[in-house]
Amino acid sequence: MPNRGIKTWAQGDVLHAYDVNEYLMQQAVMVFDTAGDRNTDLTGVITEGMVAYTKDDHRVFMYDGSSWVRLGTKAEIDAQENRTAQVLLYMEVI
């Protein structure tokens, strides 16, 4: 599915099947109970750039074209940014 960009709707607009397939699906985070459910439900329709949330482990994933990549939690992202800042600071001191 090619990236069609962003589309917004106003109250009362008719949402056609084309809009769902070409716009709405690319602007959404899908929610699944488990990664297994995600994989089963998306068999045959998965495309690069899809984003999914799994409720059982509270994680967000993005499909990179070959596999689901975990994006991480806020705490993990904050910790990674902190480690990166420490490394950069250390490099500047040397």
# chains A, B, ... in the order shown; residues from 1 in each chain; ligands from 1

call {"tool": "residues_around", "arguments": {"residues": "segment 50-61 of chain A", "least_positions_apart": "4", "cutoff": "6 Å", "atoms": "only C-alpha atoms", "output": "PyMOL selection string"}}
result
chain A and resi 29-34+68-71

call {"tool": "select_by_dssp", "arguments": {"residues": "segment 24-76 of chain A", "states": "helix (DSSP H, G or I)", "output": "ChimeraX atom specification"}}
result
/A:24-27,35-41,74-76

call {"tool": "atom_distance", "arguments": {"atom1": "atom CA of Asp19 of chain A", "atom2": "atom CA of Asp37 of chain A"}}
result
25.1 Å

call {"tool": "residues_around", "arguments": {"residues": "Thr8 of chain A", "least_positions_apart": "4", "cutoff": "10 Å", "atoms": "only C-alpha atoms", "output": "ChimeraX atom specification"}}
result
/A:13,23-24

call {"tool": "atom_distance", "arguments": {"atom1": "atom CA of Val14 of chain A", "atom2": "atom CA of Ile46 of chain A"}}
result
26.1 Å
